[in-house]
Amino acid sequence: MIYTVTVNPALDYVIQLKQVNRGEVNRSDNCSFLAGGKGINVSQILNQLDIDNTAWGFVGGFTGKELVRQLNQRHIVNDFVTISDVTRVNVKVHAEEESEINAAGPNITDQEIIAFKARLSDLQKGDIVVLSGSLAPSLPVDFYKELLPIIKEAGAEFVIDTTGQALLDTLSYKPLVIKPNHHELADLFKTTFESDQEMLECARKLLDMGAQNVMVSMAGKGGYLITPKHFYHAKAAVGTAVNSVGAGDSMTAGFVGTYVKTKDPAESFRIGMACGAATAFTKDIAVKSQIDAVLPQINVEEIS
Ligand SMILES: Nc1ncnc2c1ncn2[C@@H]1O[C@H](COP(=O)(O)OP(=O)(O)O)[C@@H](O)[C@H]1O
Ligand SMILES: O=P(O)(O)OC[C@H]1O[C@](O)(COP(=O)(O)O)[C@@H](O)[C@@H]1O
């Protein structure tokens with residue numbers, strides 16, 4: 001079983017309008033509330049790949065109720081801890097350009113944290129836990145790290161999608177895969193890359209620090225997979241990118257969902273690349289037919 005963890009999910013309030021005039025009253029053409037959060041996006045793609053999964057995290061208040069309603073409507077199995085504070089609303093303004101205001105998130109009490117950790121007692125050998133997205137401000141900064149011994153003790157694997165020191169701190173627990181984009185990878189090593197070779201050397205260091213596999217995504221420029229024995233490259237699929245939200249989550253989901261079935265990192269990378277592109281080419285998170293349509297374009301080649 002795969003469990004996705006979204007500790008700080010959101011209702012994304014997507015406002016569409018032709019242009020924003022700052023300092024004036026602007027009226028939108030269209031707006032909608034969409035269940036958001038990186039782990040939830042992963043669950044959504046796993047469902048499209050027909051991989052059993054359960055979404056975990058914290059939800060509360062009227063926004064939390066709406067979020068769970070939408071997940072149920074999309075047949076995303078979920079078992080969130082209900083909190084007394086209110087799930088955040090993230091504002092996404094889609095005008096001439098896309099702007100986002102992501103809220104900090106609710107207060108989560110010690111009792112609610114205990115209830116969440118109790119969920120982890122369901123974990124069994126071979127399960128995979130995908131940890132992604134920001135932490136609510138009331139959670140300890142090393143919250144993810146606190147969960148790792150419990151996950152490993154159960155014989156389960158984990159995947160983590162976070163950045164900076166929080167990511168580096170988890171590597172000694174041997175994540176199954178991490179997926180920094182090339183900017184995040186450069187930030188991790190406080191550098192800029194003059195060549196792909198330099199980038200691969202940094203990715204390789206993450207393996208030495210404990211990661212089992214490292215995928216480096218580069219949006220429309222494709223991606224790399226670095227494993228202990230092999231380096232792989234895939235060009236990005238060609239298409240019109242209409243959405244930057246969730247491409248990375250989709251790539252992670254494609255990798256994990258395929259790995260759980262095949263244990264083949266290169267094949268998992270191929271499906272991950274297709275899921276990322278399919279989401280980039282659609283307004284929402286991609287569905288199966290969109291992933292299948294992109295897949296023939298993805299060729300994974302081994303590089304020396
Ligand atoms: N414009 C694009 N064209 C084709 N594929 C894309 C595009 N943007 C994203 N992708 C696919 O999605 C993956 C993840 O996208 P990326 O933007 O690098 O991740 P993140 O959202 O984590 O920054 C890429 O490796 C690629 O496979
Ligand atoms: O947890 P964070 O980093 O605040 O991000 C939450 C946001 O992540 C998303 O799931 C997707 O964001 P990305 O654009 O970074 O892929 C949104 O739906 C949500 O509002």
# chains A, B, ... in the order shown; residues from 1 in each chain; ligands from 1
call {"tool": "residues_near_ligand", "arguments": {"ligand": "ligand 1", "cutoff": "10 Å", "atoms": "only C-alpha atoms and all ligand atoms", "output": "NGL selection string"}}
result
:A and (38 or 161-162 or 179-184 or 215-224 or 234-252 or 269-281 or 294 or 298)
call {"tool": "write_last_selection", "arguments": {"atoms": "C-alpha atoms", "output": "PDB file, in the first residue's frame"}}
result
ATOM      1  CA  LYS A  38       1.255  17.939  -2.929  1.00  0.00           C
ATOM      2  CA  ASP A 161       9.507  15.893  -1.592  1.00  0.00           C
ATOM      3  CA  THR A 162      10.806  18.842   0.330  1.00  0.00           C
ATOM      4  CA  LYS A 179      13.001  14.512  -6.885  1.00  0.00           C
ATOM      5  CA  PRO A 180      14.555  17.942  -6.658  1.00  0.00           C
ATOM      6  CA  ASN A 181      14.121  20.144  -9.721  1.00  0.00           C
ATOM      7  CA  HIS A 182      17.405  21.535 -11.068  1.00  0.00           C
ATOM      8  CA  HIS A 183      16.951  24.861  -9.228  1.00  0.00           C
ATOM      9  CA  GLU A 184      16.325  23.089  -5.913  1.00  0.00           C
ATOM     10  CA  MET A 215      15.365  12.128 -10.125  1.00  0.00           C
ATOM     11  CA  VAL A 216      16.253  15.625 -11.262  1.00  0.00           C
ATOM     12  CA  SER A 217      13.430  17.344 -13.121  1.00  0.00           C
ATOM     13  CA  MET A 218      13.982  20.283 -15.447  1.00  0.00           C
ATOM     14  CA  ALA A 219      10.412  21.130 -16.561  1.00  0.00           C
ATOM     15  CA  GLY A 220      10.392  21.467 -20.380  1.00  0.00           C
ATOM     16  CA  LYS A 221      14.067  20.497 -20.510  1.00  0.00           C
ATOM     17  CA  GLY A 222      13.445  16.882 -19.417  1.00  0.00           C
ATOM     18  CA  GLY A 223      15.002  14.993 -16.551  1.00  0.00           C
ATOM     19  CA  TYR A 224      17.656  12.645 -15.210  1.00  0.00           C
ATOM     20  CA  ALA A 234      14.929  11.486 -20.893  1.00  0.00           C
ATOM     21  CA  LYS A 235      13.956  14.429 -23.050  1.00  0.00           C
ATOM     22  CA  ALA A 236      10.727  16.200 -22.118  1.00  0.00           C
ATOM     23  CA  ALA A 237       7.616  15.393 -24.120  1.00  0.00           C
ATOM     24  CA  VAL A 238       6.705  18.069 -26.644  1.00  0.00           C
ATOM     25  CA  GLY A 239       3.419  19.848 -26.041  1.00  0.00           C
ATOM     26  CA  THR A 240       1.857  23.085 -24.910  1.00  0.00           C
ATOM     27  CA  ALA A 241       2.397  23.695 -21.216  1.00  0.00           C
ATOM     28  CA  VAL A 242      -0.733  25.254 -19.731  1.00  0.00           C
ATOM     29  CA  ASN A 243      -0.223  24.546 -16.049  1.00  0.00           C
ATOM     30  CA  SER A 244       2.747  24.586 -13.702  1.00  0.00           C
ATOM     31  CA  VAL A 245       0.866  23.211 -10.676  1.00  0.00           C
ATOM     32  CA  GLY A 246       1.515  19.602  -9.766  1.00  0.00           C
ATOM     33  CA  ALA A 247       3.884  18.494 -12.580  1.00  0.00           C
ATOM     34  CA  GLY A 248       6.547  17.560 -10.034  1.00  0.00           C
ATOM     35  CA  ASP A 249       4.020  15.745  -7.818  1.00  0.00           C
ATOM     36  CA  SER A 250       2.795  13.841 -10.869  1.00  0.00           C
ATOM     37  CA  MET A 251       6.346  12.801 -11.733  1.00  0.00           C
ATOM     38  CA  THR A 252       6.922  11.531  -8.189  1.00  0.00           C
ATOM     39  CA  PHE A 269      11.349   7.163 -14.336  1.00  0.00           C
ATOM     40  CA  ARG A 270       9.772   6.778 -17.813  1.00  0.00           C
ATOM     41  CA  ILE A 271       6.243   6.703 -16.401  1.00  0.00           C
ATOM     42  CA  GLY A 272       7.124   9.570 -14.023  1.00  0.00           C
ATOM     43  CA  MET A 273       8.281  11.735 -16.924  1.00  0.00           C
ATOM     44  CA  ALA A 274       5.039  11.017 -18.782  1.00  0.00           C
ATOM     45  CA  CYS A 275       2.868  11.834 -15.748  1.00  0.00           C
ATOM     46  CA  GLY A 276       4.724  15.137 -15.218  1.00  0.00           C
ATOM     47  CA  ALA A 277       4.301  16.187 -18.839  1.00  0.00           C
ATOM     48  CA  ALA A 278       0.651  15.104 -18.978  1.00  0.00           C
ATOM     49  CA  THR A 279      -0.109  17.331 -15.992  1.00  0.00           C
ATOM     50  CA  ALA A 280       1.894  20.235 -17.462  1.00  0.00           C
ATOM     51  CA  PHE A 281      -0.207  19.937 -20.644  1.00  0.00           C
ATOM     52  CA  VAL A 294       2.206  11.338 -23.791  1.00  0.00           C
ATOM     53  CA  ILE A 298       9.264   9.409 -23.561  1.00  0.00           C
TER      54      ILE A 298
END
call {"tool": "select_by_dssp", "arguments": {"residues": "range 213-292 of chain A", "states": "helix (DSSP H, G or I)", "output": "NGL selection string"}}
result
:A and (219-221 or 247-262 or 265-280 or 288-292)
call {"tool": "residues_near_ligand", "arguments": {"ligand": "ligand 2", "cutoff": "9 Å", "atoms": "only C-alpha atoms and all ligand atoms", "output": "PyMOL selection string"}}
result
chain A and resi 6-13+34-42+89-92+100-105+132-136+162+243-250
call {"tool": "closest_residue", "arguments": {"among": "A:Cys202, A:Val20, A:Val81, A:Leu71", "to": "Leu188 in chain A", "atoms": "only C-alpha atoms"}}
result
A:Cys202
call {"tool": "residues_around", "arguments": {"residues": "Ile128 in chain A", "least_positions_apart": "2", "cutoff": "8 Å", "atoms": "only C-alpha atoms", "output": "VMD selection string"}}
result
chain A and resid 1 to 3 126 130 156 to 159
call {"tool": "write_last_selection", "arguments": {"atoms": "N, CA, C and O atoms", "output": "JSON list (two decimals), in the first residue's frame"}}
result
[["chain", "number", "residue", "atom", "x", "y", "z"],
["A", 1, "MET", "N", 0.85, -1.20, 0.00],
["A", 1, "MET", "CA", 0.00, 0.00, 0.00],
["A", 1, "MET", "C", 0.88, 1.25, 0.00],
["A", 1, "MET", "O", 1.92, 1.28, 0.64],
["A", 2, "ILE", "N", 0.46, 2.24, -0.73],
["A", 2, "ILE", "CA", 1.16, 3.54, -0.69],
["A", 2, "ILE", "C", 0.30, 4.51, 0.15],
["A", 2, "ILE", "O", -0.93, 4.56, -0.02],
["A", 3, "TYR", "N", 0.93, 5.22, 1.03],
["A", 3, "TYR", "CA", 0.26, 6.26, 1.80],
["A", 3, "TYR", "C", 0.86, 7.60, 1.40],
["A", 3, "TYR", "O", 2.09, 7.75, 1.39],
["A", 126, "GLY", "N", 7.08, -3.27, 3.24],
["A", 126, "GLY", "CA", 6.80, -3.11, 1.80],
["A", 126, "GLY", "C", 5.93, -1.91, 1.48],
["A", 126, "GLY", "O", 5.83, -1.52, 0.32],
["A", 130, "VAL", "N", 4.71, 8.54, 1.09],
["A", 130, "VAL", "CA", 5.18, 9.70, 0.32],
["A", 130, "VAL", "C", 4.89, 10.96, 1.13],
["A", 130, "VAL", "O", 3.72, 11.28, 1.40],
["A", 156, "ALA", "N", 8.78, -0.22, 6.21],
["A", 156, "ALA", "CA", 8.25, 0.50, 5.04],
["A", 156, "ALA", "C", 9.34, 1.41, 4.46],
["A", 156, "ALA", "O", 10.34, 1.70, 5.11],
["A", 157, "GLU", "N", 9.12, 1.84, 3.22],
["A", 157, "GLU", "CA", 10.01, 2.79, 2.55],
["A", 157, "GLU", "C", 9.35, 4.17, 2.59],
["A", 157, "GLU", "O", 8.13, 4.27, 2.77],
["A", 158, "PHE", "N", 10.16, 5.20, 2.34],
["A", 158, "PHE", "CA", 9.55, 6.52, 2.22],
["A", 158, "PHE", "C", 10.16, 7.29, 1.06],
["A", 158, "PHE", "O", 11.27, 7.00, 0.60],
["A", 159, "VAL", "N", 9.35, 8.24, 0.58],
["A", 159, "VAL", "CA", 9.76, 9.15, -0.48],
["A", 159, "VAL", "C", 9.51, 10.54, 0.08],
["A", 159, "VAL", "O", 8.47, 10.75, 0.73]]
call {"tool": "closest_residue", "arguments": {"among": "A:Ile45, A:Ile178, A:Ile83, A:Leu167", "to": "Val141 in chain A", "atoms": "only C-alpha atoms"}}
result
A:Leu167
call {"tool": "atom_distance", "arguments": {"atom1": "CA of Pro175 in chain A", "atom2": "CA of Asp79 in chain A"}}
result
23.3 Å
call {"tool": "residues_around", "arguments": {"residues": "Gly61 in chain A", "least_positions_apart": "4", "cutoff": "7 Å", "atoms": "only C-alpha atoms", "output": "PDB file with all heavy atoms, in the first residue's frame"}}
result
ATOM      1  N   LYS A  65     -13.845  20.138   5.423  1.00  0.00           N
ATOM      2  CA  LYS A  65     -14.997  19.301   5.010  1.00  0.00           C
ATOM      3  C   LYS A  65     -15.127  19.292   3.494  1.00  0.00           C
ATOM      4  O   LYS A  65     -15.367  18.253   2.881  1.00  0.00           O
ATOM      5  CB  LYS A  65     -16.295  19.858   5.609  1.00  0.00           C
ATOM      6  CG  LYS A  65     -16.473  19.547   7.062  1.00  0.00           C
ATOM      7  CD  LYS A  65     -17.964  19.569   7.440  1.00  0.00           C
ATOM      8  CE  LYS A  65     -18.138  19.202   8.897  1.00  0.00           C
ATOM      9  NZ  LYS A  65     -18.160  20.355   9.791  1.00  0.00           N
ATOM     10  N   SER A  84      -9.052  20.924  15.161  1.00  0.00           N
ATOM     11  CA  SER A  84     -10.061  21.910  15.559  1.00  0.00           C
ATOM     12  C   SER A  84      -9.890  23.226  14.786  1.00  0.00           C
ATOM     13  O   SER A  84     -10.839  23.983  14.639  1.00  0.00           O
ATOM     14  CB  SER A  84     -10.020  22.165  17.067  1.00  0.00           C
ATOM     15  OG  SER A  84      -8.704  22.456  17.429  1.00  0.00           O
ATOM     16  N   ASP A  85      -8.698  23.487  14.252  1.00  0.00           N
ATOM     17  CA  ASP A  85      -8.502  24.699  13.448  1.00  0.00           C
ATOM     18  C   ASP A  85      -8.964  24.432  12.000  1.00  0.00           C
ATOM     19  O   ASP A  85      -9.399  23.319  11.669  1.00  0.00           O
ATOM     20  CB  ASP A  85      -7.027  25.117  13.503  1.00  0.00           C
ATOM     21  CG  ASP A  85      -6.822  26.599  13.204  1.00  0.00           C
ATOM     22  OD1 ASP A  85      -7.803  27.270  12.818  1.00  0.00           O
ATOM     23  OD2 ASP A  85      -5.672  27.086  13.319  1.00  0.00           O
ATOM     24  N   VAL A  86      -8.818  25.453  11.153  1.00  0.00           N
ATOM     25  CA  VAL A  86      -9.417  25.412   9.818  1.00  0.00           C
ATOM     26  C   VAL A  86      -8.340  25.198   8.750  1.00  0.00           C
ATOM     27  O   VAL A  86      -7.317  25.893   8.748  1.00  0.00           O
ATOM     28  CB  VAL A  86     -10.163  26.753   9.564  1.00  0.00           C
ATOM     29  CG1 VAL A  86     -10.745  26.812   8.167  1.00  0.00           C
ATOM     30  CG2 VAL A  86     -11.261  26.933  10.603  1.00  0.00           C
ATOM     31  N   THR A  87      -8.563  24.243   7.841  1.00  0.00           N
ATOM     32  CA  THR A  87      -7.664  24.013   6.699  1.00  0.00           C
ATOM     33  C   THR A  87      -7.501  25.314   5.908  1.00  0.00           C
ATOM     34  O   THR A  87      -8.461  26.064   5.718  1.00  0.00           O
ATOM     35  CB  THR A  87      -8.267  22.895   5.807  1.00  0.00           C
ATOM     36  OG1 THR A  87      -8.184  21.672   6.538  1.00  0.00           O
ATOM     37  CG2 THR A  87      -7.539  22.757   4.488  1.00  0.00           C
TER      38      THR A  87
END
call {"tool": "closest_residue", "arguments": {"among": "A:Ser172, A:Asn30, A:Thr192, A:Thr109", "to": "Leu139 in chain A", "atoms": "only C-alpha atoms"}}
result
A:Thr109
call {"tool": "atom_distance", "arguments": {"atom1": "CA of Lys174 in chain A", "atom2": "CA of Gln48 in chain A"}}
result
27.4 Å
call {"tool": "residues_around", "arguments": {"residues": "Val77 in chain A", "least_positions_apart": "5", "cutoff": "12 Å", "atoms": "only C-alpha atoms", "output": "PyMOL selection string"}}
result
chain A and resi 1-4+40+43-44+46-47+51-56+68-72
call {"tool": "closest_residue", "arguments": {"among": "A:Gln290, A:Leu225, A:Asn299, A:Ala211", "to": "Met199 in chain A", "atoms": "only C-alpha atoms"}}
result
A:Leu225
call {"tool": "select_by_dssp", "arguments": {"residues": "range 198-253 of chain A", "states": "strand (DSSP E or B)", "output": "list in words"}}
result
Val214, Met215, Val216, Ser217, Gly223, Tyr224, Leu225, Ile226, Phe231, Tyr232, His233 and Ala234 of chain A
call {"tool": "closest_residue", "arguments": {"among": "A:Leu131, A:Ile15, A:Leu49, A:Ala154", "to": "Gly254 in chain A", "atoms": "only C-alpha atoms"}}
result
A:Leu49
call {"tool": "atom_distance", "arguments": {"atom1": "CA of Gly57 in chain A", "atom2": "CA of Val5 in chain A"}}
result
5.4 Å
call {"tool": "closest_residue", "arguments": {"among": "A:Gln297, A:Leu123, A:Gln73, A:Ala95", "to": "Asn21 in chain A", "atoms": "only C-alpha atoms"}}
result
A:Ala95
call {"tool": "residues_around", "arguments": {"residues": "Ile226 in chain A", "least_positions_apart": "3", "cutoff": "9 Å", "atoms": "only C-alpha atoms", "output": "NGL selection string"}}
result
:A and (200 or 203-204 or 207 or 212-216 or 229-233)
call {"tool": "write_last_selection", "arguments": {"atoms": "N, CA and C atoms", "output": "mmCIF file, in the first residue's frame"}}
result
data_model
loop_
_atom_site.group_PDB
_atom_site.id
_atom_site.type_symbol
_atom_site.label_atom_id
_atom_site.label_comp_id
_atom_site.auth_asym_id
_atom_site.auth_seq_id
_atom_site.Cartn_x
_atom_site.Cartn_y
_atom_site.Cartn_z
ATOM 1 N N LEU A 200 24.866 16.558 -12.488
ATOM 2 C CA LEU A 200 24.869 15.116 -12.197
ATOM 3 C C LEU A 200 25.815 14.792 -11.045
ATOM 4 N N ALA A 203 23.909 15.532 -7.967
ATOM 5 C CA ALA A 203 22.874 14.513 -7.749
ATOM 6 C C ALA A 203 23.516 13.242 -7.187
ATOM 7 N N ARG A 204 24.684 12.902 -7.715
ATOM 8 C CA ARG A 204 25.422 11.705 -7.284
ATOM 9 C C ARG A 204 25.785 11.817 -5.783
ATOM 10 N N LEU A 207 23.124 10.588 -3.564
ATOM 11 C CA LEU A 207 23.145 9.121 -3.390
ATOM 12 C C LEU A 207 24.134 8.751 -2.302
ATOM 13 N N GLN A 212 18.313 6.467 -2.276
ATOM 14 C CA GLN A 212 18.457 5.247 -3.101
ATOM 15 C C GLN A 212 18.403 5.582 -4.592
ATOM 16 N N ASN A 213 17.604 6.561 -4.947
ATOM 17 C CA ASN A 213 17.481 7.020 -6.334
ATOM 18 C C ASN A 213 17.257 8.526 -6.306
ATOM 19 N N VAL A 214 17.801 9.230 -7.292
ATOM 20 C CA VAL A 214 17.561 10.681 -7.376
ATOM 21 C C VAL A 214 17.046 10.999 -8.774
ATOM 22 N N MET A 215 15.855 11.612 -8.844
ATOM 23 C CA MET A 215 15.365 12.128 -10.125
ATOM 24 C C MET A 215 15.561 13.635 -10.092
ATOM 25 N N VAL A 216 16.130 14.164 -11.158
ATOM 26 C CA VAL A 216 16.253 15.625 -11.262
ATOM 27 C C VAL A 216 15.334 16.056 -12.397
ATOM 28 N N LYS A 229 23.914 2.388 -9.755
ATOM 29 C CA LYS A 229 24.677 1.745 -10.845
ATOM 30 C C LYS A 229 24.563 2.455 -12.185
ATOM 31 N N HIS A 230 23.495 3.239 -12.394
ATOM 32 C CA HIS A 230 23.249 3.774 -13.736
ATOM 33 C C HIS A 230 22.805 5.236 -13.691
ATOM 34 N N PHE A 231 23.115 5.951 -14.789
ATOM 35 C CA PHE A 231 22.581 7.299 -15.007
ATOM 36 C C PHE A 231 21.653 7.221 -16.216
ATOM 37 N N TYR A 232 20.476 7.830 -16.118
ATOM 38 C CA TYR A 232 19.549 7.833 -17.251
ATOM 39 C C TYR A 232 19.126 9.264 -17.567
ATOM 40 N N HIS A 233 18.796 9.483 -18.839
ATOM 41 C CA HIS A 233 18.292 10.793 -19.259
ATOM 42 C C HIS A 233 17.028 10.588 -20.083
#
call {"tool": "decode", "arguments": {"residues": "range 66-88 of chain A", "atoms": "N, CA, C and O atoms", "output": "PDB file, in the first residue's frame"}}
result
ATOM      1  N   GLU A  66     -14.960  20.480   2.886  1.00  0.00           N
ATOM      2  CA  GLU A  66     -15.070  20.567   1.425  1.00  0.00           C
ATOM      3  C   GLU A  66     -13.936  19.772   0.757  1.00  0.00           C
ATOM      4  O   GLU A  66     -14.151  19.083  -0.252  1.00  0.00           O
ATOM      5  N   LEU A  67     -12.753  19.869   1.349  1.00  0.00           N
ATOM      6  CA  LEU A  67     -11.611  19.150   0.776  1.00  0.00           C
ATOM      7  C   LEU A  67     -11.884  17.635   0.776  1.00  0.00           C
ATOM      8  O   LEU A  67     -11.727  16.956  -0.249  1.00  0.00           O
ATOM      9  N   VAL A  68     -12.357  17.131   1.914  1.00  0.00           N
ATOM     10  CA  VAL A  68     -12.626  15.685   1.997  1.00  0.00           C
ATOM     11  C   VAL A  68     -13.777  15.311   1.056  1.00  0.00           C
ATOM     12  O   VAL A  68     -13.737  14.260   0.403  1.00  0.00           O
ATOM     13  N   ARG A  69     -14.778  16.198   0.939  1.00  0.00           N
ATOM     14  CA  ARG A  69     -15.884  15.913   0.014  1.00  0.00           C
ATOM     15  C   ARG A  69     -15.351  15.735  -1.416  1.00  0.00           C
ATOM     16  O   ARG A  69     -15.718  14.796  -2.121  1.00  0.00           O
ATOM     17  N   GLN A  70     -14.428  16.630  -1.796  1.00  0.00           N
ATOM     18  CA  GLN A  70     -13.884  16.529  -3.159  1.00  0.00           C
ATOM     19  C   GLN A  70     -13.048  15.261  -3.345  1.00  0.00           C
ATOM     20  O   GLN A  70     -13.093  14.625  -4.391  1.00  0.00           O
ATOM     21  N   LEU A  71     -12.296  14.913  -2.299  1.00  0.00           N
ATOM     22  CA  LEU A  71     -11.488  13.678  -2.408  1.00  0.00           C
ATOM     23  C   LEU A  71     -12.405  12.467  -2.570  1.00  0.00           C
ATOM     24  O   LEU A  71     -12.162  11.588  -3.407  1.00  0.00           O
ATOM     25  N   ASN A  72     -13.475  12.426  -1.771  1.00  0.00           N
ATOM     26  CA  ASN A  72     -14.404  11.296  -1.872  1.00  0.00           C
ATOM     27  C   ASN A  72     -15.041  11.247  -3.255  1.00  0.00           C
ATOM     28  O   ASN A  72     -15.199  10.178  -3.842  1.00  0.00           O
ATOM     29  N   GLN A  73     -15.377  12.445  -3.759  1.00  0.00           N
ATOM     30  CA  GLN A  73     -15.997  12.511  -5.085  1.00  0.00           C
ATOM     31  C   GLN A  73     -15.044  11.937  -6.152  1.00  0.00           C
ATOM     32  O   GLN A  73     -15.474  11.322  -7.113  1.00  0.00           O
ATOM     33  N   ARG A  74     -13.724  12.169  -5.934  1.00  0.00           N
ATOM     34  CA  ARG A  74     -12.736  11.662  -6.900  1.00  0.00           C
ATOM     35  C   ARG A  74     -12.251  10.253  -6.553  1.00  0.00           C
ATOM     36  O   ARG A  74     -11.255   9.783  -7.094  1.00  0.00           O
ATOM     37  N   HIS A  75     -12.917   9.615  -5.585  1.00  0.00           N
ATOM     38  CA  HIS A  75     -12.574   8.245  -5.160  1.00  0.00           C
ATOM     39  C   HIS A  75     -11.147   8.147  -4.646  1.00  0.00           C
ATOM     40  O   HIS A  75     -10.458   7.152  -4.870  1.00  0.00           O
ATOM     41  N   ILE A  76     -10.670   9.211  -3.988  1.00  0.00           N
ATOM     42  CA  ILE A  76      -9.351   9.146  -3.343  1.00  0.00           C
ATOM     43  C   ILE A  76      -9.589   8.690  -1.899  1.00  0.00           C
ATOM     44  O   ILE A  76     -10.220   9.417  -1.104  1.00  0.00           O
ATOM     45  N   VAL A  77      -9.124   7.490  -1.595  1.00  0.00           N
ATOM     46  CA  VAL A  77      -9.325   6.958  -0.239  1.00  0.00           C
ATOM     47  C   VAL A  77      -8.528   7.837   0.718  1.00  0.00           C
ATOM     48  O   VAL A  77      -7.365   8.165   0.449  1.00  0.00           O
ATOM     49  N   ASN A  78      -9.160   8.268   1.811  1.00  0.00           N
ATOM     50  CA  ASN A  78      -8.456   9.184   2.722  1.00  0.00           C
ATOM     51  C   ASN A  78      -8.800   8.881   4.157  1.00  0.00           C
ATOM     52  O   ASN A  78      -9.885   8.393   4.457  1.00  0.00           O
ATOM     53  N   ASP A  79      -7.840   9.173   5.029  1.00  0.00           N
ATOM     54  CA  ASP A  79      -8.036   8.949   6.460  1.00  0.00           C
ATOM     55  C   ASP A  79      -7.293  10.068   7.202  1.00  0.00           C
ATOM     56  O   ASP A  79      -6.266   9.834   7.837  1.00  0.00           O
ATOM     57  N   PHE A  80      -7.816  11.285   7.068  1.00  0.00           N
ATOM     58  CA  PHE A  80      -7.168  12.449   7.671  1.00  0.00           C
ATOM     59  C   PHE A  80      -7.534  12.557   9.151  1.00  0.00           C
ATOM     60  O   PHE A  80      -8.628  12.173   9.554  1.00  0.00           O
ATOM     61  N   VAL A  81      -6.621  13.098   9.952  1.00  0.00           N
ATOM     62  CA  VAL A  81      -6.933  13.444  11.337  1.00  0.00           C
ATOM     63  C   VAL A  81      -7.712  14.761  11.305  1.00  0.00           C
ATOM     64  O   VAL A  81      -7.278  15.725  10.654  1.00  0.00           O
ATOM     65  N   THR A  82      -8.849  14.793  11.981  1.00  0.00           N
ATOM     66  CA  THR A  82      -9.637  16.031  12.023  1.00  0.00           C
ATOM     67  C   THR A  82      -9.090  16.932  13.123  1.00  0.00           C
ATOM     68  O   THR A  82      -8.925  16.504  14.265  1.00  0.00           O
ATOM     69  N   ILE A  83      -8.800  18.175  12.756  1.00  0.00           N
ATOM     70  CA  ILE A  83      -8.246  19.130  13.726  1.00  0.00           C
ATOM     71  C   ILE A  83      -9.296  20.200  14.058  1.00  0.00           C
ATOM     72  O   ILE A  83     -10.278  20.355  13.321  1.00  0.00           O
ATOM     73  N   SER A  84      -9.052  20.924  15.161  1.00  0.00           N
ATOM     74  CA  SER A  84     -10.061  21.910  15.559  1.00  0.00           C
ATOM     75  C   SER A  84      -9.890  23.226  14.786  1.00  0.00           C
ATOM     76  O   SER A  84     -10.839  23.983  14.639  1.00  0.00           O
ATOM     77  N   ASP A  85      -8.698  23.487  14.252  1.00  0.00           N
ATOM     78  CA  ASP A  85      -8.502  24.699  13.448  1.00  0.00           C
ATOM     79  C   ASP A  85      -8.964  24.432  12.000  1.00  0.00           C
ATOM     80  O   ASP A  85      -9.399  23.319  11.669  1.00  0.00           O
ATOM     81  N   VAL A  86      -8.818  25.453  11.153  1.00  0.00           N
ATOM     82  CA  VAL A  86      -9.417  25.412   9.818  1.00  0.00           C
ATOM     83  C   VAL A  86      -8.340  25.198   8.750  1.00  0.00           C
ATOM     84  O   VAL A  86      -7.317  25.893   8.748  1.00  0.00           O
ATOM     85  N   THR A  87      -8.563  24.243   7.841  1.00  0.00           N
ATOM     86  CA  THR A  87      -7.664  24.013   6.699  1.00  0.00           C
ATOM     87  C   THR A  87      -7.501  25.314   5.908  1.00  0.00           C
ATOM     88  O   THR A  87      -8.461  26.064   5.718  1.00  0.00           O
ATOM     89  N   ARG A  88      -6.285  25.570   5.427  1.00  0.00           N
ATOM     90  CA  ARG A  88      -6.000  26.847   4.741  1.00  0.00           C
ATOM     91  C   ARG A  88      -6.639  26.935   3.347  1.00  0.00           C
ATOM     92  O   ARG A  88      -6.972  25.914   2.739  1.00  0.00           O
TER      93      ARG A  88
END
